[in-house]
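Shown next: target.tsv, given as TSV, C-alpha atoms.
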```
chain	number	residue	atom	x	y	z
A	1	MET	CA	18.11	29.09	49.54
A	2	ALA	CA	19.02	26.36	47.08
A	3	GLU	CA	18.07	27.41	43.55
A	4	CYS	CA	14.47	26.44	42.74
A	5	LYS	CA	12.11	26.37	39.80
A	6	ARG	CA	8.40	26.92	40.39
A	7	ASN	CA	5.76	26.32	37.73
A	8	SER	CA	3.83	29.60	37.92
A	9	GLU	CA	1.99	28.81	34.70
A	10	ALA	CA	0.57	25.61	36.16
A	11	ASP	CA	-0.72	27.09	39.41
A	12	GLY	CA	-1.90	30.39	37.94
A	13	ALA	CA	0.02	32.38	40.56
A	14	PRO	CA	1.74	35.64	39.68
A	15	VAL	CA	5.49	35.73	39.39
A	16	THR	CA	6.83	36.95	42.71
A	17	GLU	CA	9.24	39.82	43.23
A	18	GLU	CA	11.82	37.29	44.48
A	19	GLU	CA	11.51	35.26	41.26
A	20	LEU	CA	11.86	38.38	39.12
A	21	GLU	CA	14.95	39.42	41.08
A	22	GLN	CA	16.41	35.92	40.71
A	23	ALA	CA	15.86	36.01	36.93
A	24	LEU	CA	17.53	39.43	36.77
A	25	CYS	CA	20.50	38.12	38.79
A	26	VAL	CA	20.96	35.19	36.39
A	27	LEU	CA	20.84	37.33	33.25
A	28	ALA	CA	22.83	40.25	34.70
A	29	GLY	CA	25.91	38.04	35.02
A	30	SER	CA	25.91	37.17	31.30
A	31	ASP	CA	26.60	39.40	28.29
A	32	PRO	CA	23.34	40.05	26.35
A	33	GLU	CA	25.08	41.63	23.33
A	34	ASN	CA	28.25	39.65	22.57
A	35	CYS	CA	28.69	35.92	22.05
A	36	SER	CA	30.68	34.45	24.93
A	37	TYR	CA	32.61	32.04	22.66
A	38	SER	CA	35.69	34.29	22.51
A	39	ARG	CA	35.95	34.14	26.32
A	40	GLY	CA	36.54	30.39	26.14
A	41	TYR	CA	35.06	28.07	28.78
A	42	VAL	CA	33.32	30.60	31.00
A	43	LYS	CA	33.35	29.81	34.73
A	44	ARG	CA	29.58	30.33	34.94
A	45	GLN	CA	27.03	31.81	32.55
A	46	ALA	CA	23.37	31.57	31.55
A	47	VAL	CA	22.97	28.76	29.00
A	48	PHE	CA	20.09	27.89	26.66
A	49	ALA	CA	19.33	24.98	24.32
A	50	CYS	CA	17.55	25.45	20.99
A	51	ASN	CA	15.09	22.65	20.24
A	52	THR	CA	14.48	24.18	16.80
A	53	CYS	CA	18.11	23.94	15.63
A	54	THR	CA	19.36	20.94	17.62
A	55	PRO	CA	16.39	18.63	18.35
A	56	ASN	CA	18.52	15.46	18.21
A	57	ALA	CA	19.05	14.14	21.73
A	58	ALA	CA	22.26	12.43	20.56
A	59	GLU	CA	23.79	15.81	19.64
A	60	PRO	CA	22.96	18.19	22.52
A	61	ALA	CA	24.19	21.78	22.25
A	62	GLY	CA	24.00	24.97	24.30
A	63	VAL	CA	24.10	28.66	23.42
A	64	CYS	CA	24.92	31.79	25.39
A	65	LEU	CA	22.48	34.57	26.32
A	66	ALA	CA	23.45	36.83	23.40
A	67	CYS	CA	22.99	34.05	20.84
A	68	ALA	CA	19.67	33.03	22.38
A	69	ASN	CA	18.50	36.63	21.94
A	70	LYS	CA	19.90	37.35	18.49
A	71	CYS	CA	20.52	34.07	16.63
A	72	HIS	CA	17.62	32.04	18.01
A	73	ASP	CA	14.94	34.68	18.46
A	74	GLY	CA	11.52	33.05	17.96
A	75	HIS	CA	12.89	29.50	18.25
A	76	ASP	CA	11.82	26.80	20.71
A	77	ILE	CA	14.25	27.51	23.54
A	78	PHE	CA	15.00	25.58	26.75
A	79	GLU	CA	16.22	27.85	29.53
A	80	LEU	CA	18.87	25.90	31.46
A	81	TYR	CA	19.63	28.52	34.14
A	82	THR	CA	23.44	28.58	34.53
A	83	LYS	CA	26.18	26.08	33.70
A	84	ARG	CA	29.82	26.08	34.75
A	85	ASN	CA	32.83	25.90	32.43
A	86	PHE	CA	30.72	26.09	29.29
A	87	ARG	CA	31.57	27.43	25.83
A	88	CYS	CA	28.88	28.61	23.42
A	89	ASP	CA	28.07	26.05	20.67
A	90	CYS	CA	25.97	28.35	18.48
A	91	GLY	CA	26.74	27.75	14.80
A	92	ASN	CA	29.34	25.00	15.31
A	93	GLY	CA	29.26	21.53	13.73
A	94	LYS	CA	26.18	20.51	15.74
A	95	PHE	CA	24.07	23.14	13.97
A	96	GLY	CA	24.64	21.96	10.39
A	97	SER	CA	24.45	24.87	7.95
A	98	PHE	CA	23.15	27.29	10.60
A	99	GLN	CA	25.72	30.02	11.35
A	100	CYS	CA	26.14	32.18	14.42
A	101	GLN	CA	25.37	35.80	13.58
A	102	LEU	CA	27.70	37.14	16.26
A	103	THR	CA	30.78	34.88	16.03
A	104	PRO	CA	30.60	32.80	12.82
A	105	ALA	CA	34.10	31.29	13.08
A	106	LYS	CA	34.01	28.50	15.67
A	107	ASP	CA	35.54	25.07	16.23
A	108	GLU	CA	33.44	22.09	15.15
A	109	GLU	CA	32.78	21.18	18.79
A	110	ASN	CA	33.63	22.18	22.34
A	111	SER	CA	35.07	18.99	23.78
A	112	ARG	CA	35.15	20.21	27.38
A	113	ASN	CA	31.45	21.09	27.53
A	114	HIS	CA	29.34	18.84	29.73
A	115	TYR	CA	25.85	17.92	28.50
A	116	ASP	CA	22.95	16.09	30.13
A	117	HIS	CA	19.25	15.53	29.47
A	118	ASN	CA	18.53	19.15	30.46
A	119	PHE	CA	19.65	20.14	26.96
A	120	ASN	CA	16.74	18.08	25.59
A	121	GLY	CA	14.26	19.74	27.94
A	122	CYS	CA	14.15	16.89	30.50
A	123	TYR	CA	15.03	16.98	34.18
A	124	CYS	CA	15.24	14.95	37.39
A	125	THR	CA	15.51	11.18	37.85
A	126	CYS	CA	12.05	10.91	36.29
A	127	ASP	CA	13.38	12.40	33.01
A	128	ARG	CA	10.32	14.62	32.59
A	129	PRO	CA	10.02	18.06	30.92
A	130	TYR	CA	9.49	21.31	32.80
A	131	PRO	CA	6.86	22.58	32.97
A	132	ASP	CA	5.19	19.17	32.68
A	133	THR	CA	1.78	19.47	31.02
A	134	ASP	CA	0.88	15.93	32.13
A	135	GLU	CA	1.69	16.59	35.77
A	136	GLN	CA	-1.19	17.85	37.91
A	137	ASP	CA	0.73	18.41	41.14
A	138	ASP	CA	2.82	21.58	41.23
A	139	ASP	CA	6.23	20.65	42.64
A	140	GLU	CA	9.21	22.96	42.83
A	141	MET	CA	12.51	21.83	41.34
A	142	ILE	CA	15.87	22.21	43.03
A	143	GLN	CA	19.26	22.23	41.32
A	144	CYS	CA	22.17	20.06	42.44
A	145	VAL	CA	25.33	22.17	42.63
A	146	VAL	CA	27.51	19.28	41.42
A	147	CYS	CA	25.78	17.72	38.39
A	148	GLU	CA	23.61	20.86	37.87
A	149	ASP	CA	20.56	18.75	37.05
A	150	TRP	CA	17.19	19.81	38.43
A	151	PHE	CA	15.13	17.55	40.72
A	152	HIS	CA	11.53	17.52	41.88
A	153	SER	CA	11.54	17.91	45.65
A	154	ARG	CA	9.58	14.65	45.95
A	155	HIS	CA	12.39	12.76	44.18
A	156	LEU	CA	15.24	13.92	46.42
A	157	GLY	CA	14.87	11.04	48.86
A	158	CYS	CA	14.57	13.39	51.82
A	159	ALA	CA	12.38	16.11	53.26
A	160	VAL	CA	13.08	19.53	51.75
A	161	VAL	CA	14.29	22.14	54.21
A	162	GLU	CA	13.76	25.84	53.61
A	163	PRO	CA	15.68	28.05	56.06
A	164	GLU	CA	17.12	31.07	54.27
A	165	GLU	CA	20.68	30.25	55.28
A	166	LEU	CA	20.62	27.04	53.22
A	167	GLN	CA	22.22	27.78	49.90
A	168	GLU	CA	23.21	24.56	48.14
A	169	MET	CA	21.98	21.02	47.56
A	170	VAL	CA	23.93	17.93	46.44
A	171	CYS	CA	21.89	15.00	45.14
A	172	GLU	CA	22.45	11.47	46.46
A	173	THR	CA	24.09	10.27	43.22
A	174	CYS	CA	26.69	13.05	43.37
A	175	MET	CA	27.29	12.44	47.08
A	176	ASN	CA	28.13	8.81	46.26
A	177	LYS	CA	30.43	9.85	43.40
A	178	ALA	CA	32.39	11.87	45.94
A	179	PRO	CA	31.83	9.72	49.06
A	180	PHE	CA	34.18	11.77	51.24
A	181	LEU	CA	31.44	14.44	51.22
A	182	TRP	CA	29.38	12.24	53.54
A	183	THR	CA	31.95	12.85	56.28
A	184	TYR	CA	31.59	16.61	55.89
A	185	ALA	CA	27.81	16.20	55.74
A	186	ALA	CA	27.81	14.51	59.16
A	187	HIS	CA	29.45	17.61	60.65
A	188	PHE	CA	28.24	20.59	58.63
A	189	ALA	CA	25.12	19.72	56.60
A	190	VAL	CA	21.52	19.76	57.73
A	191	PRO	CA	20.61	16.58	59.68
A	192	PRO	CA	18.75	14.16	57.39
A	193	VAL	CA	15.01	13.69	57.62
A	194	ILE	CA	13.63	10.67	55.77
A	195	ASN	CA	10.07	9.67	54.94
A	196	ILE	CA	8.88	6.25	56.12
A	197	GLY	CA	5.56	4.43	56.05
A	198	HIS	CA	2.92	4.26	53.35
A	199	PRO	CA	2.87	6.81	50.50
A	200	ASP	CA	-0.36	8.31	51.86
A	201	GLU	CA	0.89	8.35	55.44
A	202	ASP	CA	4.49	9.51	55.33
A	203	ILE	CA	6.12	9.98	58.70
A	204	GLU	CA	9.12	12.28	58.93
A	205	VAL	CA	11.92	11.07	61.14
A	206	ASP	CA	14.82	13.29	62.17
A	207	VAL	CA	17.74	10.87	62.17
A	208	GLU	CA	19.84	13.12	64.39
A	209	GLU	CA	17.06	13.33	67.00
A	210	ASP	CA	16.77	9.53	66.94
A	211	LYS	CA	20.48	9.26	67.58
A	212	GLY	CA	20.07	11.79	70.38
A	213	GLU	CA	17.52	9.57	72.11
A	214	GLN	CA	19.93	6.64	71.90
A	215	ARG	CA	22.67	8.79	73.39
A	216	GLN	CA	20.34	9.90	76.18
A	217	SER	CA	19.70	6.30	77.23
A	218	LYS	CA	23.42	5.71	77.38
A	219	GLU	CA	23.89	8.85	79.47
A	220	GLU	CA	21.92	7.23	82.29
A	221	GLU	CA	24.97	5.07	82.93
A	222	PRO	CA	27.65	6.61	85.21
A	223	THR	CA	30.32	8.48	83.28
A	224	THR	CA	33.53	10.22	84.22
A	225	SER	CA	33.93	13.99	83.85
A	226	ASP	CA	36.30	13.46	80.91
A	227	GLU	CA	33.73	11.35	79.10
A	228	HIS	CA	31.08	14.00	79.75
A	229	ILE	CA	33.27	16.70	78.21
A	230	LYS	CA	33.93	14.55	75.14
A	231	HIS	CA	30.19	13.91	74.82
A	232	GLU	CA	29.41	17.66	74.86
A	233	GLU	CA	32.08	18.33	72.26
A	234	ALA	CA	30.58	15.63	70.01
A	235	GLU	CA	27.11	17.16	70.49
A	236	ASN	CA	28.36	20.58	69.38
A	237	ARG	CA	29.99	19.09	66.30
A	238	SER	CA	26.91	17.07	65.34
A	239	SER	CA	24.70	20.06	64.57
A	240	PRO	CA	25.49	22.55	61.79
A	241	CYS	CA	23.39	25.13	63.64
A	242	LYS	CA	25.50	25.02	66.82
A	243	ARG	CA	28.44	27.39	66.72
A	244	THR	CA	30.69	28.50	69.58
A	245	TYR	CA	31.42	32.17	70.22
A	246	GLU	CA	34.95	31.73	68.88
A	247	GLU	CA	33.64	30.16	65.65
A	248	MET	CA	31.09	32.94	65.11
A	249	THR	CA	33.59	35.73	65.74
A	250	GLY	CA	36.36	34.07	63.74
A	251	SER	CA	38.63	33.66	66.77
A	252	PRO	CA	40.40	30.29	66.69
A	253	LEU	CA	39.85	27.85	69.51
A	254	LYS	CA	42.87	26.95	71.60
A	255	ALA	CA	42.48	23.32	70.59
A	256	THR	CA	42.73	24.24	66.90
A	257	ASN	CA	45.90	26.30	67.16
A	258	LYS	CA	47.89	23.29	66.02
A	259	THR	CA	48.32	22.78	62.29
A	260	VAL	CA	46.01	20.08	60.96
A	261	GLU	CA	47.59	18.13	58.11
A	262	CYS	CA	44.28	16.82	56.79
A	263	ARG	CA	40.93	18.24	57.82
A	264	LEU	CA	39.08	15.21	56.42
A	265	LYS	CA	41.11	12.72	58.47
A	266	GLU	CA	40.54	14.80	61.59
A	267	LEU	CA	36.78	14.68	61.05
A	268	GLN	CA	36.84	10.95	60.27
A	269	ALA	CA	38.74	10.30	63.50
A	270	GLN	CA	35.88	11.84	65.49
A	271	GLY	CA	33.68	8.91	64.42
A	272	LEU	CA	30.59	11.01	63.68
A	273	ASP	CA	28.46	9.51	60.90
A	274	ARG	CA	25.06	10.06	59.28
A	275	LEU	CA	22.60	8.14	57.17
A	276	ARG	CA	23.99	7.98	53.64
A	277	GLN	CA	20.65	8.35	51.93
A	278	GLY	CA	18.91	11.13	50.02
A	279	ALA	CA	20.04	14.56	48.89
A	280	VAL	CA	22.05	16.74	51.26
A	281	PHE	CA	21.31	20.40	52.01
A	282	TRP	CA	24.25	22.55	53.05
A	283	PRO	CA	24.38	25.88	54.91
A	284	TYR	CA	26.06	28.90	53.39
A	285	SER	CA	29.91	28.81	53.27
A	286	TRP	CA	30.11	25.03	53.84
A	287	ARG	CA	32.76	24.83	51.12
A	288	SER	CA	35.19	26.71	53.35
A	289	GLU	CA	35.18	23.66	55.65
A	290	LEU	CA	36.64	21.40	52.94
A	291	CYS	CA	40.24	20.29	53.37
A	292	THR	CA	42.72	21.62	50.80
A	293	CYS	CA	45.69	19.37	51.52
A	294	THR	CA	47.42	17.77	48.53
A	295	SER	CA	45.78	14.40	49.07
A	296	CYS	CA	42.28	15.87	49.27
A	297	LYS	CA	42.85	18.05	46.20
A	298	LYS	CA	43.71	14.92	44.24
A	299	ALA	CA	40.50	13.30	45.51
A	300	TYR	CA	38.46	16.29	44.30
A	301	VAL	CA	40.00	16.06	40.85
A	302	ALA	CA	39.47	12.30	40.70
A	303	ALA	CA	35.78	12.78	41.57
A	304	ASP	CA	35.55	15.75	39.16
A	305	VAL	CA	34.40	18.11	41.91
A	306	GLN	CA	37.48	20.34	42.14
A	307	PHE	CA	35.24	23.39	41.65
A	308	LEU	CA	33.97	22.91	45.20
A	309	MET	CA	37.22	24.48	46.42
A	310	ASP	CA	36.35	27.69	44.54
A	311	GLN	CA	34.08	29.97	46.57
A	312	SER	CA	33.35	32.07	43.47
A	313	ASP	CA	31.87	28.99	41.74
A	314	THR	CA	28.63	29.25	43.70
A	315	ILE	CA	25.39	30.52	42.20
A	316	LEU	CA	25.22	33.11	44.97
A	317	ALA	CA	28.64	34.53	44.03
A	318	TYR	CA	27.65	34.63	40.34
A	319	GLU	CA	24.39	36.45	41.07
A	320	LYS	CA	26.01	38.97	43.41
A	321	LYS	CA	28.70	39.73	40.84
A	322	GLY	CA	26.03	40.15	38.17
A	323	LEU	CA	24.24	42.79	40.24
A	324	VAL	CA	27.41	44.63	41.25
A	325	GLU	CA	29.16	44.37	37.86
A	326	PRO	CA	26.45	43.69	35.25
A	327	PHE	CA	27.39	43.20	31.60
A	328	GLY	CA	26.58	46.25	29.52
A	329	GLN	CA	24.57	49.28	30.66
A	330	HIS	CA	21.43	49.14	32.73
A	331	PRO	CA	18.44	49.29	30.30
A	332	LEU	CA	17.01	52.35	32.05
A	333	MET	CA	20.34	54.19	31.86
A	334	ALA	CA	20.71	53.27	28.19
A	335	LEU	CA	17.23	54.65	27.52
A	336	THR	CA	17.96	57.99	29.22
A	337	SER	CA	21.57	58.48	28.05
A	338	SER	CA	20.54	60.88	25.25
A	339	LEU	CA	18.27	63.00	27.49
A	340	ASP	CA	19.20	66.05	29.53
A	341	ARG	CA	19.32	65.93	33.32
A	342	VAL	CA	15.74	67.15	33.85
A	343	GLN	CA	14.35	64.63	31.35
A	344	GLN	CA	16.39	61.82	32.93
A	345	LEU	CA	14.95	62.62	36.36
A	346	GLU	CA	11.43	62.69	34.95
A	347	VAL	CA	11.88	59.27	33.32
A	348	ILE	CA	13.47	57.77	36.44
A	349	TYR	CA	10.71	59.23	38.64
A	350	GLY	CA	8.08	57.76	36.33
A	351	PHE	CA	9.83	54.39	36.30
A	352	ASN	CA	10.05	54.29	40.09
A	353	GLU	CA	6.39	55.30	40.39
A	354	LEU	CA	5.41	52.51	37.98
A	355	THR	CA	7.48	49.96	39.92
A	356	THR	CA	5.87	51.04	43.21
A	357	SER	CA	2.38	50.84	41.71
A	358	ILE	CA	2.96	47.36	40.27
A	359	SER	CA	4.36	46.12	43.59
A	360	ALA	CA	1.33	47.46	45.47
A	361	PHE	CA	-0.97	45.92	42.86
A	362	LEU	CA	0.59	42.47	43.24
A	363	GLU	CA	0.82	42.69	47.03
A	364	GLN	CA	-2.93	43.35	47.20
A	365	PHE	CA	-3.66	40.11	45.34
A	366	VAL	CA	-1.20	38.15	47.48
A	367	SER	CA	-2.70	39.47	50.73
A	368	GLU	CA	-6.21	38.61	49.54
A	369	GLY	CA	-5.13	35.19	48.23
A	370	LYS	CA	-6.45	35.94	44.75
A	371	THR	CA	-5.06	35.09	41.30
A	372	VAL	CA	-4.03	37.94	39.00
A	373	THR	CA	-6.27	37.84	35.94
A	374	VAL	CA	-5.82	39.40	32.50
A	375	GLU	CA	-8.84	41.63	33.16
A	376	ALA	CA	-7.31	42.90	36.41
A	377	VAL	CA	-4.04	43.76	34.67
A	378	HIS	CA	-5.87	45.65	31.92
A	379	GLU	CA	-7.90	47.53	34.52
A	380	PHE	CA	-4.69	48.38	36.42
A	381	PHE	CA	-3.01	49.95	33.38
A	382	GLU	CA	-6.20	51.76	32.36
A	383	ASP	CA	-6.23	53.33	35.83
A	384	LEU	CA	-2.58	54.34	35.43
A	385	ARG	CA	-3.29	55.97	32.08
A	386	ALA	CA	-6.28	57.82	33.56
A	387	ARG	CA	-4.19	59.15	36.44
A	388	LYS	CA	-1.45	60.25	34.05
A	389	LYS	CA	-4.01	62.04	31.87
A	390	ARG	CA	-5.44	63.87	34.89
A	391	ARG	CA	-1.94	65.02	35.94
A	392	THR	CA	-1.13	66.17	32.39
A	393	ASN	CA	-4.40	68.14	32.05
A	394	ALA	CA	-3.86	69.73	35.46
A	395	GLY	CA	-0.38	70.83	34.42
A	396	HIS	CA	-1.72	72.67	31.35
A	397	GLN	CA	-4.44	74.57	33.24
```
In structure tokens, write the structure found in this file.
Amino acid sequence: MAECKRNSEADGAPVTEEELEQALCVLAGSDPENCSYSRGYVKRQAVFACNTCTPNAAEPAGVCLACANKCHDGHDIFELYTKRNFRCDCGNGKFGSFQCQLTPAKDEENSRNHYDHNFNGCYCTCDRPYPDTDEQDDDEMIQCVVCEDWFHSRHLGCAVVEPEELQEMVCETCMNKAPFLWTYAAHFAVPPVINIGHPDEDIEVDVEEDKGEQRQSKEEEPTTSDEHIKHEEAENRSSPCKRTYEEMTGSPLKATNKTVECRLKELQAQGLDRLRQGAVFWPYSWRSELCTCTSCKKAYVAADVQFLMDQSDTILAYEKKGLVEPFGQHPLMALTSSLDRVQQLEVIYGFNELTTSISAFLEQFVSEGKTVTVEAVHEFFEDLRARKKRRTNAGHQ
């Protein structure tokens, strides 16, 4: 699913296992010990902003995970999730006399870094902080994969879709900056659903279904067999959820055996269009559908979206790499490295038992629809300590 922020503090709900795993994925792909500055403009890494050191909105700055942990421990930190092509600013000219403890020698500024209002703790078109203490309604935030700003779902200009296969969202502003994406959206993105009517009585309208009704009325007129075939082909192309057997198995269709000079022009020639309004949600691997001819590559560069051609640029690719090849040693392995094999197994067994117990504890509250309270947590750990004491006493008898 598209990357989301949920205000757990506001609604009093416990942090879910999925949210904990997502946080681990984000941090696992970044080095927690060494400043990333020496690696240059990193393709993607976890980035933070320090409101204590750089509170001036006119001079935004970002720091890497290691610097957030070591140089800015105890400071007022904004967690910005991940940013692409970013170089750590910690201790450079924007920080005045403050020096980076990990890599003191740095250029005065990183000219290729991109900054927005996120670095000042504000998000969305409403330019509000997150979490917003003045906001009563809990609303998840979704990140645009182009500008990397975060948006309240109610400010996306469309209904939010939540199937698991949907991985990325592009906001309306970014779609208009790269208008050729609307053509791809008509063929491969989720059909738009817009809200109409009064604010208190919103009516959701599936634009593609509306078009389907119009097509159905036209179908009542006599058509030739050739026209019917063309109509069915257009129907199959109009829905991102419809895939032929050949497309699903990777076998090329006979009609596509010929070399296509420009994928974009081929799609434009089919005449399929969609409402150019609101954010666009894309299914997984939609980037592979983008044309990579010379002309289109130039268009990507001109619109500053050339990273869309890179499959490893996605958040999903970054998180998977972080879990497969995490920076540094796993904390549990680091803790047990000095122990013998028997002691290691005992620690790992205890850790797994603790994890299982916590999961069962949280699942019970979720199933009963209750909120986890401080008293319940204290009682849970008291029970764990009591059970451990009983096992220890039994072992000595």
Seminar exercise, completed: What separates atom CA of Glu109 of chain A and atom CA of Asp127 of chain A is a distance of 25.6 Å
Problem set entry | d(atom CA of Tyr184 of chain A, atom CA of Leu275 of chain A) in Å | 12.4 Å
Problem set entry | Interatomic distance (Å, one decimal) between atom CA of Cys67 of chain A and atom CA of Gln101 of chain A |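 Result for atom CA of Cys67 of chain A versus atom CA of Gln101 of chain A: 7.8 Å, one decimal.
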For this session: Around the point (45.1, 17.8, 48.4), in the coordinates given by the file, pick out the residues reaching within 12 Å, counting all atoms listed in the file, and return them as number ranges by chain.
Result: A: 261-265, 290-302, 306, 309
Exercise. Which one is closest to Gln277 of chain A: A:Glu319, A:Glu172, A:Glu382, A:Asp76? Count only C-alpha atoms.
Worked result: A:Glu172
